[in-house]
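Asker: Please find structure01.pdb (PDB, C-alpha atoms, pLDDT in the B column) on the next line:
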ATOM      1  CA  MET Z   1      46.933   0.888  24.969  1.00 51.00           C
ATOM      2  CA  ALA Z   2      47.016  -0.241  21.327  1.00 49.00           C
ATOM      3  CA  ALA Z   3      43.599  -1.830  21.763  1.00 48.00           C
ATOM      4  CA  LEU Z   4      42.218   1.444  23.179  1.00 40.00           C
ATOM      5  CA  ARG Z   5      43.635   3.402  20.210  1.00 45.00           C
ATOM      6  CA  ALA Z   6      42.131   0.910  17.767  1.00 45.00           C
ATOM      7  CA  ALA Z   7      38.744   1.143  19.498  1.00 43.00           C
ATOM      8  CA  LEU Z   8      38.816   4.957  19.458  1.00 42.00           C
ATOM      9  CA  LEU Z   9      39.890   5.009  15.807  1.00 40.00           C
ATOM     10  CA  GLY Z  10      37.096   2.574  14.951  1.00 45.00           C
ATOM     11  CA  ALA Z  11      34.555   4.718  16.781  1.00 44.00           C
ATOM     12  CA  VAL Z  12      35.745   7.901  15.049  1.00 42.00           C
ATOM     13  CA  LEU Z  13      35.725   6.258  11.610  1.00 42.00           C
ATOM     14  CA  GLY Z  14      32.288   4.761  12.293  1.00 47.00           C
ATOM     15  CA  CYS Z  15      30.883   8.186  13.203  1.00 47.00           C
ATOM     16  CA  ALA Z  16      32.487   9.791  10.151  1.00 46.00           C
ATOM     17  CA  ALA Z  17      31.090   7.129   7.841  1.00 47.00           C
ATOM     18  CA  ALA Z  18      27.612   7.531   9.298  1.00 49.00           C
ATOM     19  CA  ALA Z  19      27.803  11.303   8.834  1.00 52.00           C
ATOM     20  CA  LEU Z  20      28.539  10.864   5.114  1.00 58.00           C
ATOM     21  CA  ILE Z  21      25.324   8.946   4.391  1.00 63.00           C
ATOM     22  CA  PRO Z  22      22.887  11.434   2.868  1.00 67.00           C
ATOM     23  CA  ALA Z  23      19.372  11.626   4.241  1.00 67.00           C
ATOM     24  CA  ALA Z  24      16.648  10.255   1.999  1.00 81.00           C
ATOM     25  CA  ASP Z  25      14.702  12.891   0.096  1.00 92.00           C
ATOM     26  CA  VAL Z  26      11.336  13.107  -1.594  1.00 94.00           C
ATOM     27  CA  LYS Z  27      11.192  11.736  -5.126  1.00 94.00           C
ATOM     28  CA  VAL Z  28       8.958  13.957  -7.272  1.00 95.00           C
ATOM     29  CA  GLU Z  29       7.467  12.825 -10.577  1.00 95.00           C
ATOM     30  CA  VAL Z  30       5.403  15.375 -12.490  1.00 95.00           C
ATOM     31  CA  LEU Z  31       2.464  13.491 -14.019  1.00 95.00           C
ATOM     32  CA  GLN Z  32       0.679  16.456 -15.571  1.00 95.00           C
ATOM     33  CA  LYS Z  33       1.753  20.066 -15.937  1.00 94.00           C
ATOM     34  CA  PRO Z  34      -0.398  22.970 -17.188  1.00 94.00           C
ATOM     35  CA  PHE Z  35       0.606  24.698 -20.422  1.00 94.00           C
ATOM     36  CA  LEU Z  36       1.049  28.005 -18.581  1.00 95.00           C
ATOM     37  CA  CYS Z  37       2.170  28.408 -15.002  1.00 95.00           C
ATOM     38  CA  HIS Z  38       1.475  31.900 -13.739  1.00 92.00           C
ATOM     39  CA  ARG Z  39       2.591  31.216 -10.172  1.00 94.00           C
ATOM     40  CA  ARG Z  40       4.331  28.441  -8.302  1.00 96.00           C
ATOM     41  CA  THR Z  41       3.592  27.394  -4.733  1.00 96.00           C
ATOM     42  CA  LYS Z  42       5.739  28.786  -1.964  1.00 96.00           C
ATOM     43  CA  TRP Z  43       5.922  28.596   1.828  1.00 95.00           C
ATOM     44  CA  GLY Z  44       2.782  29.958   3.471  1.00 96.00           C
ATOM     45  CA  ASP Z  45       0.428  29.142   0.589  1.00 96.00           C
ATOM     46  CA  MET Z  46      -2.862  27.472   1.407  1.00 95.00           C
ATOM     47  CA  MET Z  47      -3.229  24.352  -0.736  1.00 94.00           C
ATOM     48  CA  LEU Z  48      -6.377  22.428  -1.536  1.00 93.00           C
ATOM     49  CA  VAL Z  49      -5.451  18.910  -2.633  1.00 92.00           C
ATOM     50  CA  HIS Z  50      -6.849  15.515  -3.415  1.00 91.00           C
ATOM     51  CA  TYR Z  51      -4.471  12.662  -2.726  1.00 90.00           C
ATOM     52  CA  GLU Z  52      -4.156   8.925  -2.514  1.00 91.00           C
ATOM     53  CA  GLY Z  53      -1.568   7.342  -0.239  1.00 88.00           C
ATOM     54  CA  PHE Z  54      -0.162   3.896  -1.045  1.00 87.00           C
ATOM     55  CA  LEU Z  55       2.185   1.609   0.861  1.00 83.00           C
ATOM     56  CA  GLU Z  56       5.326   1.140  -1.179  1.00 80.00           C
ATOM     57  CA  ARG Z  57       5.890  -2.447  -0.043  1.00 82.00           C
ATOM     58  CA  ASP Z  58       2.644  -3.886  -1.469  1.00 88.00           C
ATOM     59  CA  GLY Z  59       0.856  -1.039  -3.259  1.00 89.00           C
ATOM     60  CA  SER Z  60      -2.172  -1.095  -0.974  1.00 89.00           C
ATOM     61  CA  MET Z  61      -3.987   2.206  -0.421  1.00 89.00           C
ATOM     62  CA  PHE Z  62      -3.910   3.464   3.156  1.00 84.00           C
ATOM     63  CA  HIS Z  63      -5.749   6.758   2.631  1.00 86.00           C
ATOM     64  CA  SER Z  64      -7.596   8.687  -0.046  1.00 90.00           C
ATOM     65  CA  THR Z  65      -9.448  11.980   0.124  1.00 91.00           C
ATOM     66  CA  HIS Z  66     -11.892  10.538  -2.400  1.00 91.00           C
ATOM     67  CA  LYS Z  67     -12.745   7.545  -0.207  1.00 90.00           C
ATOM     68  CA  HIS Z  68     -11.966   8.615   3.366  1.00 86.00           C
ATOM     69  CA  ASN Z  69     -12.749  12.319   3.381  1.00 83.00           C
ATOM     70  CA  ASN Z  70     -16.284  12.231   1.926  1.00 87.00           C
ATOM     71  CA  GLY Z  71     -14.766  12.993  -1.468  1.00 91.00           C
ATOM     72  CA  GLN Z  72     -13.599  16.399  -0.277  1.00 93.00           C
ATOM     73  CA  PRO Z  73     -10.070  17.719  -0.928  1.00 93.00           C
ATOM     74  CA  MET Z  74      -7.910  18.668   2.035  1.00 92.00           C
ATOM     75  CA  TRP Z  75      -6.645  22.147   2.941  1.00 94.00           C
ATOM     76  CA  PHE Z  76      -3.235  22.705   4.470  1.00 93.00           C
ATOM     77  CA  THR Z  77      -0.610  25.457   4.632  1.00 95.00           C
ATOM     78  CA  LEU Z  78       2.622  24.681   2.808  1.00 96.00           C
ATOM     79  CA  GLY Z  79       5.833  24.838   4.808  1.00 95.00           C
ATOM     80  CA  ILE Z  80       4.543  25.075   8.382  1.00 94.00           C
ATOM     81  CA  ARG Z  81       4.308  21.344   9.112  1.00 89.00           C
ATOM     82  CA  GLU Z  82       0.535  21.093   9.078  1.00 90.00           C
ATOM     83  CA  ALA Z  83       1.153  17.952   7.039  1.00 89.00           C
ATOM     84  CA  ILE Z  84       4.138  15.587   6.857  1.00 91.00           C
ATOM     85  CA  LYS Z  85       7.530  17.064   5.924  1.00 93.00           C
ATOM     86  CA  GLY Z  86       7.488  15.167   2.627  1.00 94.00           C
ATOM     87  CA  TRP Z  87       4.429  17.116   1.490  1.00 94.00           C
ATOM     88  CA  ASP Z  88       6.109  20.428   2.332  1.00 95.00           C
ATOM     89  CA  LYS Z  89       9.176  19.446   0.290  1.00 95.00           C
ATOM     90  CA  GLY Z  90       7.411  17.699  -2.573  1.00 95.00           C
ATOM     91  CA  LEU Z  91       4.707  20.286  -3.252  1.00 95.00           C
ATOM     92  CA  LYS Z  92       6.857  23.414  -3.244  1.00 96.00           C
ATOM     93  CA  ASP Z  93       7.147  25.124  -6.667  1.00 96.00           C
ATOM     94  CA  MET Z  94       4.018  23.377  -7.954  1.00 95.00           C
ATOM     95  CA  CYS Z  95       1.682  25.010 -10.511  1.00 95.00           C
ATOM     96  CA  VAL Z  96      -2.102  25.240 -10.153  1.00 91.00           C
ATOM     97  CA  GLY Z  97      -3.558  22.119 -11.778  1.00 91.00           C
ATOM     98  CA  GLU Z  98      -0.257  20.221 -11.748  1.00 95.00           C
ATOM     99  CA  LYS Z  99      -0.358  16.557 -10.787  1.00 94.00           C
ATOM    100  CA  ARG Z 100       2.579  14.932  -9.003  1.00 95.00           C
ATOM    101  CA  LYS Z 101       3.537  11.576  -7.607  1.00 94.00           C
ATOM    102  CA  LEU Z 102       5.642  11.804  -4.452  1.00 94.00           C
ATOM    103  CA  THR Z 103       7.648   8.942  -3.015  1.00 93.00           C
ATOM    104  CA  ILE Z 104       8.311   9.923   0.578  1.00 91.00           C
ATOM    105  CA  PRO Z 105      10.857   8.156   2.807  1.00 88.00           C
ATOM    106  CA  PRO Z 106       9.850   7.345   6.403  1.00 83.00           C
ATOM    107  CA  SER Z 107      12.099  10.093   7.792  1.00 87.00           C
ATOM    108  CA  LEU Z 108       9.916  12.683   6.023  1.00 90.00           C
ATOM    109  CA  ALA Z 109       6.615  10.937   6.744  1.00 86.00           C
ATOM    110  CA  TYR Z 110       5.803   9.049   9.917  1.00 77.00           C
ATOM    111  CA  GLY Z 111       9.325   8.306  11.175  1.00 71.00           C
ATOM    112  CA  LYS Z 112      11.566   5.285  10.887  1.00 65.00           C
ATOM    113  CA  GLU Z 113       8.967   3.148  12.627  1.00 63.00           C
ATOM    114  CA  GLY Z 114       6.363   4.367  10.142  1.00 59.00           C
ATOM    115  CA  LYS Z 115       5.652   3.267   6.610  1.00 48.00           C
ATOM    116  CA  GLU Z 116       7.349   4.175   3.331  1.00 46.00           C
ATOM    117  CA  ILE Z 117       4.626   5.650   1.147  1.00 47.00           C
ATOM    118  CA  SER Z 118       3.953   7.015  -2.296  1.00 46.00           C
ATOM    119  CA  ILE Z 119       1.383   9.750  -2.648  1.00 47.00           C
ATOM    120  CA  LYS Z 120      -0.196  10.444  -6.010  1.00 45.00           C
ATOM    121  CA  TRP Z 121      -1.594  13.951  -6.273  1.00 45.00           C
ATOM    122  CA  LEU Z 122      -4.756  13.790  -8.284  1.00 46.00           C
ATOM    123  CA  GLY Z 123      -4.896  17.513  -8.758  1.00 48.00           C
ATOM    124  CA  GLY Z 124      -5.250  20.470  -6.564  1.00 46.00           C
ATOM    125  CA  GLU Z 125      -4.983  24.140  -6.369  1.00 42.00           C
ATOM    126  CA  HIS Z 126      -3.109  26.473  -4.155  1.00 40.00           C
ATOM    127  CA  ARG Z 127      -4.165  29.766  -2.709  1.00 42.00           C
ATOM    128  CA  LYS Z 128      -1.960  32.556  -1.508  1.00 38.00           C
ATOM    129  CA  LYS Z 129      -2.253  33.063   2.225  1.00 40.00           C
ATOM    130  CA  ASN Z 130      -3.288  36.634   3.056  1.00 33.00           C
TER
END
Let's see the structure in the file written out as structure tokens.
Answerer:
Amino acid sequence: MAALRAALLGAVLGCAAAALIPAADVKVEVLQKPFLCHRRTKWGDMMLVHYEGFLERDGSMFHSTHKHNNGQPMWFTLGIREAIKGWDKGLKDMCVGEKRKLTIPPSLAYGKEGKEISIKWLGGEHRKKN
């Protein structure tokens, strides 16, 4: 009976400890900000972005709109999961012409089996969705 109580207590404490660990979030570094910001991005905005994606473990590039997308920027709608969750979180409240570096944990990118990545935004603009 004492062993059963100890096992149950251990299980409860283990679950409680796991629940207290905060989920990883996107790290945002603003590399360049315009002098005036007339409007910030919000959910539902169409964004046109150039980006480069790098593996955090060795710094190798895994994707670039400049190299892999015929040099064309990419359109996506902010906040509706057209892109990875880390983009939705890291690009909200961004100004037109702002440049950001995002460090995105696997849970907000390609899952725990995926890769930890950093994405450097080389510029972009957002458009209000009509």
Asker: What's the 12 Å shell around Lys67 in chain Z, counting only C-alpha atoms, without same-chain residues fewer than 4 positions away, as a list of chain:residue names?
Answerer: Z:His50, Z:Tyr51, Z:Glu52, Z:Gly53, Z:Met61, Z:Phe62, Z:His63, Z:Gly71, Z:Gln72, Z:Pro73
Asker: Here's a test: counting only C-alpha atoms, identify every protein, DNA and RNA residue with an atom at most 9 Å from (2.5, 25.5, -9.5) in the file's coordinate frame, and state them as a list in words.
Answerer: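 Returned residue set, sorted by chain then number, is Lys33, Pro34, Cys37, His38, Arg39, Arg40, Thr41, Lys42, Leu91, Lys92, Asp93, Met94, Cys95, Val96, Gly97, Glu98, Glu125 and His126 of chain Z.
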Asker: Output the residue selection produced by the PyMOL selection byres ((chain Z and resi 24-27) around 8) on the file above, formatted as number ranges by chain.
Answerer: Z: 22-23, 28-29, 86, 89-90, 102-105, 107-108
Asker: Using only C-alpha atoms, please write the residues we just selected to a file, as a PDB file, in the coordinates of the input.
Answerer:
ATOM      1  CA  PRO Z  22      22.887  11.434   2.868  1.00 67.00           C
ATOM      2  CA  ALA Z  23      19.372  11.626   4.241  1.00 67.00           C
ATOM      3  CA  VAL Z  28       8.958  13.957  -7.272  1.00 95.00           C
ATOM      4  CA  GLU Z  29       7.467  12.825 -10.577  1.00 95.00           C
ATOM      5  CA  GLY Z  86       7.488  15.167   2.627  1.00 94.00           C
ATOM      6  CA  LYS Z  89       9.176  19.446   0.290  1.00 95.00           C
ATOM      7  CA  GLY Z  90       7.411  17.699  -2.573  1.00 95.00           C
ATOM      8  CA  LEU Z 102       5.642  11.804  -4.452  1.00 94.00           C
ATOM      9  CA  THR Z 103       7.648   8.942  -3.015  1.00 93.00           C
ATOM     10  CA  ILE Z 104       8.311   9.923   0.578  1.00 91.00           C
ATOM     11  CA  PRO Z 105      10.857   8.156   2.807  1.00 88.00           C
ATOM     12  CA  SER Z 107      12.099  10.093   7.792  1.00 87.00           C
ATOM     13  CA  LEU Z 108       9.916  12.683   6.023  1.00 90.00           C
TER      14      LEU Z 108
END
Asker: Quick one: pull the distance between CA of Ala83 in chain Z and CA of Leu36 in chain Z, Å, one decimal.
Answerer: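 Computed distance, CA of Ala83 in chain Z to CA of Leu36 in chain Z, equals 27.5 Å.
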Asker: Just checking: using only C-alpha atoms, which residue out of Z:Phe54, Z:Ile80, Z:Met74, Z:Trp43 ends up closest to Lys101 in chain Z?
Answerer: Z:Phe54
Asker: Which residue is closest to Leu55 in chain Z? Choose from Z:Trp75, Z:Pro106, Z:Arg100, Z:Gly111 and count all atoms listed in the file.
Answerer: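 Looking at the shortest contact to Leu55 in chain Z, the residue is Z:Pro106.
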Asker: Work out how far apart CA of Asn69 in chain Z and CA of Tyr110 in chain Z are and give it in Å to one decimal.
Answerer: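 Between CA of Asn69 in chain Z and CA of Tyr110 in chain Z the gap is 19.9 Å.
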Asker: Find, counting all atoms listed in the file, the residue in Z:Ser64, Z:Met46, Z:Gly59, Z:Lys99 that gets nearest to Phe76 in chain Z.
Answerer: Z:Met46
Asker: Quick one: distance from CA of Leu78 in chain Z to CA of Arg57 in chain Z in Å, one decimal?
Answerer: 27.5 Å
Asker: From the list Z:Phe35, Z:Ala109, Z:Val30, Z:Glu56, which residue is nearest Trp87 in chain Z when using all atoms listed in the file?
Answerer: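 Smallest separation from Trp87 in chain Z among the options: Z:Ala109.
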